[in-house]
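Shown here: input.pdb, PDB, C-alpha atoms, pLDDT in the B column.
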```pdb
ATOM      1  CA  MET A  17      64.174 140.682  79.415  1.00 54.00           C
ATOM      2  CA  ILE A  18      64.351 143.736  77.254  1.00 58.00           C
ATOM      3  CA  LYS A  19      61.397 146.061  77.826  1.00 67.00           C
ATOM      4  CA  GLY A  20      59.569 147.613  74.910  1.00 72.00           C
ATOM      5  CA  ASN A  21      60.912 145.236  72.266  1.00 87.00           C
ATOM      6  CA  ARG A  22      58.342 142.441  72.074  1.00 90.00           C
ATOM      7  CA  THR A  23      59.536 140.786  68.854  1.00 91.00           C
ATOM      8  CA  THR A  24      63.096 140.430  70.153  1.00 91.00           C
ATOM      9  CA  ASN A  25      61.794 138.861  73.373  1.00 92.00           C
ATOM     10  CA  ILE A  26      59.700 136.314  71.461  1.00 93.00           C
ATOM     11  CA  ALA A  27      62.630 135.415  69.174  1.00 94.00           C
ATOM     12  CA  LEU A  28      64.969 134.906  72.164  1.00 94.00           C
ATOM     13  CA  ILE A  29      62.437 132.723  74.002  1.00 95.00           C
ATOM     14  CA  LEU A  30      61.898 130.623  70.849  1.00 96.00           C
ATOM     15  CA  LEU A  31      65.685 130.191  70.449  1.00 96.00           C
ATOM     16  CA  LEU A  32      65.967 129.157  74.108  1.00 96.00           C
ATOM     17  CA  VAL A  33      63.234 126.535  73.710  1.00 97.00           C
ATOM     18  CA  ILE A  34      64.952 125.076  70.604  1.00 96.00           C
ATOM     19  CA  ILE A  35      68.325 124.835  72.367  1.00 96.00           C
ATOM     20  CA  TRP A  36      66.762 123.080  75.373  1.00 95.00           C
ATOM     21  CA  PHE A  37      64.929 120.686  73.032  1.00 94.00           C
ATOM     22  CA  PHE A  38      68.221 119.518  71.500  1.00 92.00           C
ATOM     23  CA  VAL A  39      69.902 119.243  74.903  1.00 91.00           C
ATOM     24  CA  ILE A  40      67.109 117.061  76.311  1.00 91.00           C
ATOM     25  CA  LYS A  41      66.984 114.950  73.134  1.00 89.00           C
ATOM     26  CA  LYS A  42      70.752 114.347  73.270  1.00 87.00           C
ATOM     27  CA  ALA A  43      70.713 113.530  77.010  1.00 86.00           C
ATOM     28  CA  PHE A  44      67.697 111.199  77.211  1.00 85.00           C
ATOM     29  CA  PHE A  45      67.084 109.829  73.718  1.00 82.00           C
ATOM     30  CA  GLN A  46      70.617 109.027  72.628  1.00 73.00           C
ATOM     31  CA  THR A  47      70.894 105.951  70.451  1.00 63.00           C
ATOM     32  CA  LYS A  48      72.874 102.974  71.767  1.00 58.00           C
ATOM     33  CA  PRO A  49      74.264 101.606  68.430  1.00 53.00           C
ATOM     34  CA  ASP A  50      76.678 104.560  68.192  1.00 51.00           C
ATOM     35  CA  LEU A  51      78.464 103.328  71.305  1.00 50.00           C
ATOM     36  CA  ASN A  52      78.877  99.824  69.882  1.00 54.00           C
ATOM     37  CA  ILE A  53      80.449 101.164  66.694  1.00 56.00           C
ATOM     38  CA  GLU A  54      82.923 103.284  68.669  1.00 59.00           C
ATOM     39  CA  GLN A  55      83.738 100.354  71.005  1.00 62.00           C
ATOM     40  CA  SER A  56      84.417  97.983  68.111  1.00 65.00           C
ATOM     41  CA  PHE A  57      86.646 100.618  66.495  1.00 63.00           C
ATOM     42  CA  VAL A  58      88.680 100.946  69.713  1.00 64.00           C
ATOM     43  CA  ASP A  59      88.940  97.135  70.051  1.00 68.00           C
ATOM     44  CA  ASN A  60      90.286  96.871  66.492  1.00 67.00           C
ATOM     45  CA  GLN A  61      92.962  99.489  67.183  1.00 67.00           C
ATOM     46  CA  VAL A  62      94.079  97.717  70.374  1.00 66.00           C
ATOM     47  CA  ALA A  63      94.291  94.402  68.540  1.00 64.00           C
ATOM     48  CA  GLN A  64      96.387  95.939  65.751  1.00 65.00           C
ATOM     49  CA  LYS A  65      98.799  97.517  68.272  1.00 64.00           C
ATOM     50  CA  ALA A  66      99.162  94.213  70.112  1.00 59.00           C
ATOM     51  CA  GLU A  67     100.199  92.481  66.902  1.00 61.00           C
ATOM     52  CA  THR A  68     102.850  95.080  66.064  1.00 63.00           C
ATOM     53  CA  LEU A  69     104.513  95.194  69.506  1.00 61.00           C
ATOM     54  CA  GLU A  70     107.795  93.344  69.737  1.00 65.00           C
ATOM     55  CA  LYS A  71     110.203  92.998  72.588  1.00 69.00           C
ATOM     56  CA  LYS A  72     113.381  94.950  71.988  1.00 73.00           C
ATOM     57  CA  THR A  73     116.419  94.517  74.186  1.00 76.00           C
ATOM     58  CA  ILE A  74     119.380  96.817  74.078  1.00 76.00           C
ATOM     59  CA  ALA A  75     122.732  96.100  75.686  1.00 75.00           C
ATOM     60  CA  LEU A  76     124.019  99.147  77.519  1.00 72.00           C
ATOM     61  CA  SER A  77     127.698  99.898  77.689  1.00 74.00           C
ATOM     62  CA  ASP A  78     129.536 101.786  80.408  1.00 74.00           C
ATOM     63  CA  LEU A  79     128.594 105.423  80.032  1.00 72.00           C
ATOM     64  CA  LYS A  80     130.308 108.537  81.250  1.00 73.00           C
ATOM     65  CA  ASN A  81     128.511 110.465  83.929  1.00 72.00           C
ATOM     66  CA  PRO A  82     128.464 114.058  82.626  1.00 72.00           C
ATOM     67  CA  PHE A  83     128.211 115.447  86.150  1.00 77.00           C
ATOM     68  CA  LEU A  84     131.103 113.582  87.722  1.00 75.00           C
ATOM     69  CA  ASN A  85     133.376 113.168  84.686  1.00 64.00           C
ATOM     70  CA  ALA A  86     133.858 109.566  85.690  1.00 58.00           C
ATOM     71  CA  VAL A  87     133.180 106.240  84.011  1.00 56.00           C
ATOM     72  CA  LYS A  88     130.605 103.989  85.634  1.00 58.00           C
ATOM     73  CA  VAL A  89     132.223 100.638  86.336  1.00 60.00           C
ATOM     74  CA  SER A  90     130.378  97.711  87.822  1.00 62.00           C
ATOM     75  CA  ARG A  91     132.101  96.377  90.923  1.00 62.00           C
ATOM     76  CA  LYS A  92     131.673  93.373  93.107  1.00 61.00           C
ATOM     77  CA  ALA A  93     130.593  93.996  96.644  1.00 60.00           C
ATOM     78  CA  VAL A  94     133.540  93.627  98.992  1.00 57.00           C
ATOM     79  CA  THR A  95     132.892  93.067 102.646  1.00 60.00           C
ATOM     80  CA  THR A  96     135.580  93.885 105.120  1.00 60.00           C
ATOM     81  CA  ARG A  97     135.555  93.414 108.809  1.00 62.00           C
ATOM     82  CA  SER A  98     137.285  95.966 110.863  1.00 59.00           C
ATOM     83  CA  ARG A  99     137.753  95.947 114.538  1.00 62.00           C
ATOM     84  CA  THR A 100     137.062  99.161 116.292  1.00 64.00           C
ATOM     85  CA  GLN A 101     138.810  99.887 119.478  1.00 66.00           C
ATOM     86  CA  SER A 102     136.502 101.085 122.141  1.00 68.00           C
ATOM     87  CA  LYS A 103     137.606 104.381 123.522  1.00 72.00           C
ATOM     88  CA  PRO A 104     137.579 104.705 127.256  1.00 74.00           C
ATOM     89  CA  ILE A 105     134.631 106.727 128.443  1.00 75.00           C
ATOM     90  CA  LYS A 106     135.685 109.805 130.266  1.00 73.00           C
ATOM     91  CA  PRO A 107     133.764 110.348 133.469  1.00 72.00           C
ATOM     92  CA  LYS A 108     131.936 113.635 133.577  1.00 67.00           C
ATOM     93  CA  LYS A 109     133.237 116.090 136.043  1.00 68.00           C
ATOM     94  CA  THR A 110     130.612 116.838 138.625  1.00 71.00           C
ATOM     95  CA  LEU A 111     130.667 120.397 139.765  1.00 70.00           C
ATOM     96  CA  SER A 112     129.740 121.094 143.319  1.00 81.00           C
ATOM     97  CA  TRP A 113     127.100 123.773 143.423  1.00 82.00           C
ATOM     98  CA  PRO A 114     126.965 125.964 146.505  1.00 84.00           C
ATOM     99  CA  ASN A 115     123.757 126.400 148.444  1.00 86.00           C
ATOM    100  CA  LEU A 116     121.683 128.898 146.473  1.00 86.00           C
ATOM    101  CA  SER A 117     118.489 130.737 147.176  1.00 89.00           C
ATOM    102  CA  TYR A 118     116.910 133.568 145.190  1.00 89.00           C
ATOM    103  CA  TYR A 119     115.070 136.294 147.091  1.00 88.00           C
ATOM    104  CA  GLY A 120     114.002 138.611 144.251  1.00 86.00           C
ATOM    105  CA  TYR A 121     115.366 141.634 142.463  1.00 84.00           C
ATOM    106  CA  VAL A 122     116.012 145.267 143.267  1.00 86.00           C
ATOM    107  CA  GLY A 123     115.784 148.180 140.845  1.00 82.00           C
ATOM    108  CA  GLU A 124     113.528 149.454 138.079  1.00 75.00           C
ATOM    109  CA  ASN A 125     111.168 146.895 136.548  1.00 64.00           C
ATOM    110  CA  GLU A 126     112.664 146.785 133.051  1.00 67.00           C
ATOM    111  CA  GLY A 127     115.761 148.900 133.422  1.00 63.00           C
ATOM    112  CA  LYS A 128     119.399 147.926 133.075  1.00 72.00           C
ATOM    113  CA  ASN A 129     119.970 148.466 136.787  1.00 79.00           C
ATOM    114  CA  LEU A 130     118.140 145.320 137.936  1.00 85.00           C
ATOM    115  CA  GLN A 131     120.050 143.404 140.588  1.00 87.00           C
ATOM    116  CA  ALA A 132     119.178 139.948 141.841  1.00 87.00           C
ATOM    117  CA  LEU A 133     119.367 139.189 145.548  1.00 89.00           C
ATOM    118  CA  ILE A 134     121.009 135.776 145.841  1.00 89.00           C
ATOM    119  CA  LYS A 135     122.170 133.966 148.957  1.00 89.00           C
ATOM    120  CA  LEU A 136     125.344 131.949 148.182  1.00 86.00           C
ATOM    121  CA  ASP A 137     126.617 129.830 151.071  1.00 85.00           C
ATOM    122  CA  SER A 138     125.112 132.134 153.707  1.00 84.00           C
ATOM    123  CA  LYS A 139     126.352 135.310 151.932  1.00 89.00           C
ATOM    124  CA  LEU A 140     123.771 137.723 150.491  1.00 89.00           C
ATOM    125  CA  VAL A 141     124.998 138.961 147.101  1.00 89.00           C
ATOM    126  CA  ARG A 142     123.603 141.495 144.617  1.00 90.00           C
ATOM    127  CA  MET A 143     124.313 140.522 141.014  1.00 88.00           C
ATOM    128  CA  LYS A 144     123.469 142.116 137.657  1.00 88.00           C
ATOM    129  CA  ILE A 145     123.024 140.103 134.476  1.00 87.00           C
ATOM    130  CA  GLY A 146     126.504 138.992 133.354  1.00 88.00           C
ATOM    131  CA  ASP A 147     128.148 139.465 136.767  1.00 89.00           C
ATOM    132  CA  GLN A 148     130.284 136.664 138.179  1.00 89.00           C
ATOM    133  CA  PHE A 149     130.829 135.695 141.817  1.00 86.00           C
ATOM    134  CA  GLN A 150     132.800 132.585 142.858  1.00 85.00           C
ATOM    135  CA  ASN A 151     132.674 131.212 139.261  1.00 86.00           C
ATOM    136  CA  ILE A 152     128.882 131.534 139.233  1.00 89.00           C
ATOM    137  CA  LYS A 153     127.560 133.766 136.454  1.00 91.00           C
ATOM    138  CA  LEU A 154     124.060 135.267 136.309  1.00 89.00           C
ATOM    139  CA  LYS A 155     122.675 134.620 132.802  1.00 91.00           C
ATOM    140  CA  LYS A 156     119.027 135.724 132.998  1.00 89.00           C
ATOM    141  CA  LEU A 157     116.893 137.457 135.564  1.00 86.00           C
ATOM    142  CA  TYR A 158     113.135 137.078 135.936  1.00 85.00           C
ATOM    143  CA  ALA A 159     110.729 138.155 138.648  1.00 83.00           C
ATOM    144  CA  ASP A 160     110.134 134.574 139.828  1.00 89.00           C
ATOM    145  CA  SER A 161     113.434 132.878 138.861  1.00 90.00           C
ATOM    146  CA  ILE A 162     117.031 133.289 137.694  1.00 90.00           C
ATOM    147  CA  VAL A 163     119.245 131.330 135.315  1.00 92.00           C
ATOM    148  CA  ILE A 164     122.806 130.865 136.550  1.00 92.00           C
ATOM    149  CA  SER A 165     125.784 128.966 135.204  1.00 91.00           C
ATOM    150  CA  LEU A 166     128.790 127.300 136.722  1.00 87.00           C
ATOM    151  CA  GLY A 167     131.178 126.450 133.897  1.00 82.00           C
ATOM    152  CA  ASN A 168     129.034 124.875 131.141  1.00 84.00           C
ATOM    153  CA  ASP A 169     126.296 123.737 133.539  1.00 87.00           C
ATOM    154  CA  HIS A 170     123.154 125.909 133.696  1.00 87.00           C
ATOM    155  CA  ARG A 171     120.512 125.883 136.387  1.00 88.00           C
ATOM    156  CA  THR A 172     117.275 127.684 137.014  1.00 90.00           C
ATOM    157  CA  VAL A 173     116.624 128.719 140.588  1.00 89.00           C
ATOM    158  CA  LYS A 174     113.107 129.753 141.564  1.00 90.00           C
ATOM    159  CA  ARG A 175     112.317 132.319 144.188  1.00 86.00           C
ATOM    160  CA  GLY A 176     112.154 130.928 147.701  1.00 79.00           C
ATOM    161  CA  GLU A 177     114.101 127.695 147.007  1.00 71.00           C
TER     162      GLU A 177
END
```

Written form, structure tokens:
Amino acid sequence: MIKGNRTTNIALILLLVIIWFFVIKKAFFQTKPDLNIEQSFVDNQVAQKAETLEKKTIALSDLKNPFLNAVKVSRKAVTTRSRTQSKPIKPKKTLSWPNLSYYGYVGENEGKNLQALIKLDSKLVRMKIGDQFQNIKLKKLYADSIVISLGNDHRTVKRGE
């Protein structure tokens, strides 16, 4: 409230009481006949619309599709049976993997000079990422495993296997 202006405060409180009076009167003491008049008015409008509605049918002709520049033509469904020749299944070539075991890596922890110690058919080999030995390529090198490939076949070899 505004301090020091008593007449303004009284006028505002009086206005507030009048507004709340009308709100409460409208909410709790609303007359029911008003609803019946509005409902009968709505029913009359619906009845008038129902009388004026008629079923209209329009025959559509073949129309041009503006996107395809083609005329839409109705067609009968044609079923055709075609025999497909089964192609012979080619057997997958099985690659013989040599005996592999991964012993770890040598070099700096995250440097480019990391070399994996791999035993291939009883030969100990040091390989960097991307090196190839007997058609076996080292793809990735981790502390606990390596990813190697022989042709299109990839394998993961864990340390100590």

Problem set entry | Coordinates-based distance that separates atom CA of A:Leu136 from atom CA of A:Leu116 (Å, one decimal) | 5.1 Å

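Reported to one decimal place, the separation of atom CA of A:Ile40 from atom CA of A:Ile26 is 21.2 Å.
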
Exercise. What does the distance from atom CA of A:Leu111 to atom CA of A:Asp169 come to in Å, to one decimal?
Worked result: 8.3 Å

For this session: List the residues matched by the PyMOL selection byres ((chain A and resi 174) around 10) in the displayed structure as a list in words, ordered by chain and then by residue number.
Result: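 Applied to this file, the PyMOL selection byres ((chain A and resi 174) around 10) returns Leu116, Ser117, Tyr118, Tyr119, Gly120, Tyr158, Ala159, Asp160, Ser161, Ile162, Val163, Arg171, Thr172, Val173, Arg175, Gly176 and Glu177 of chain A.
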
For this session: Using all atoms listed in the file, collect all residues at a distance of at most 9 Å from (116.5, 144.4, 137.4) as written in the file, then present them as a ChimeraX atom specification.
Result: /A:121-132,144-145,157-159

Problem set entry | From A:Lys80, A:Lys139, A:Lys72, A:His170, residue lying nearest A:Ile152 [only C-alpha atoms] |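 Smallest separation from A:Ile152 among the options: A:His170.
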
Provide an axis-aligned box for all listed atoms of stretch 115-130 of chain A, padding each side by 6 Å; report its centre and its edge lengths in Å to one decimal, as AutoDock Vina command-line options.
```
--center_x 117.5 --center_y 137.9 --center_z 140.7 --size_x 24.6 --size_y 35.1 --size_z 27.4
```

For this session: Would you mind listing what lies within 9 Å of A:Asp137 as a list in words, with only C-alpha atoms counted and same-chain residues fewer than 3 positions away left out?
Result: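 Near neighbours after the sequence-gap exclusion: Pro114, Asn115, Leu116 and Leu140 of chain A.
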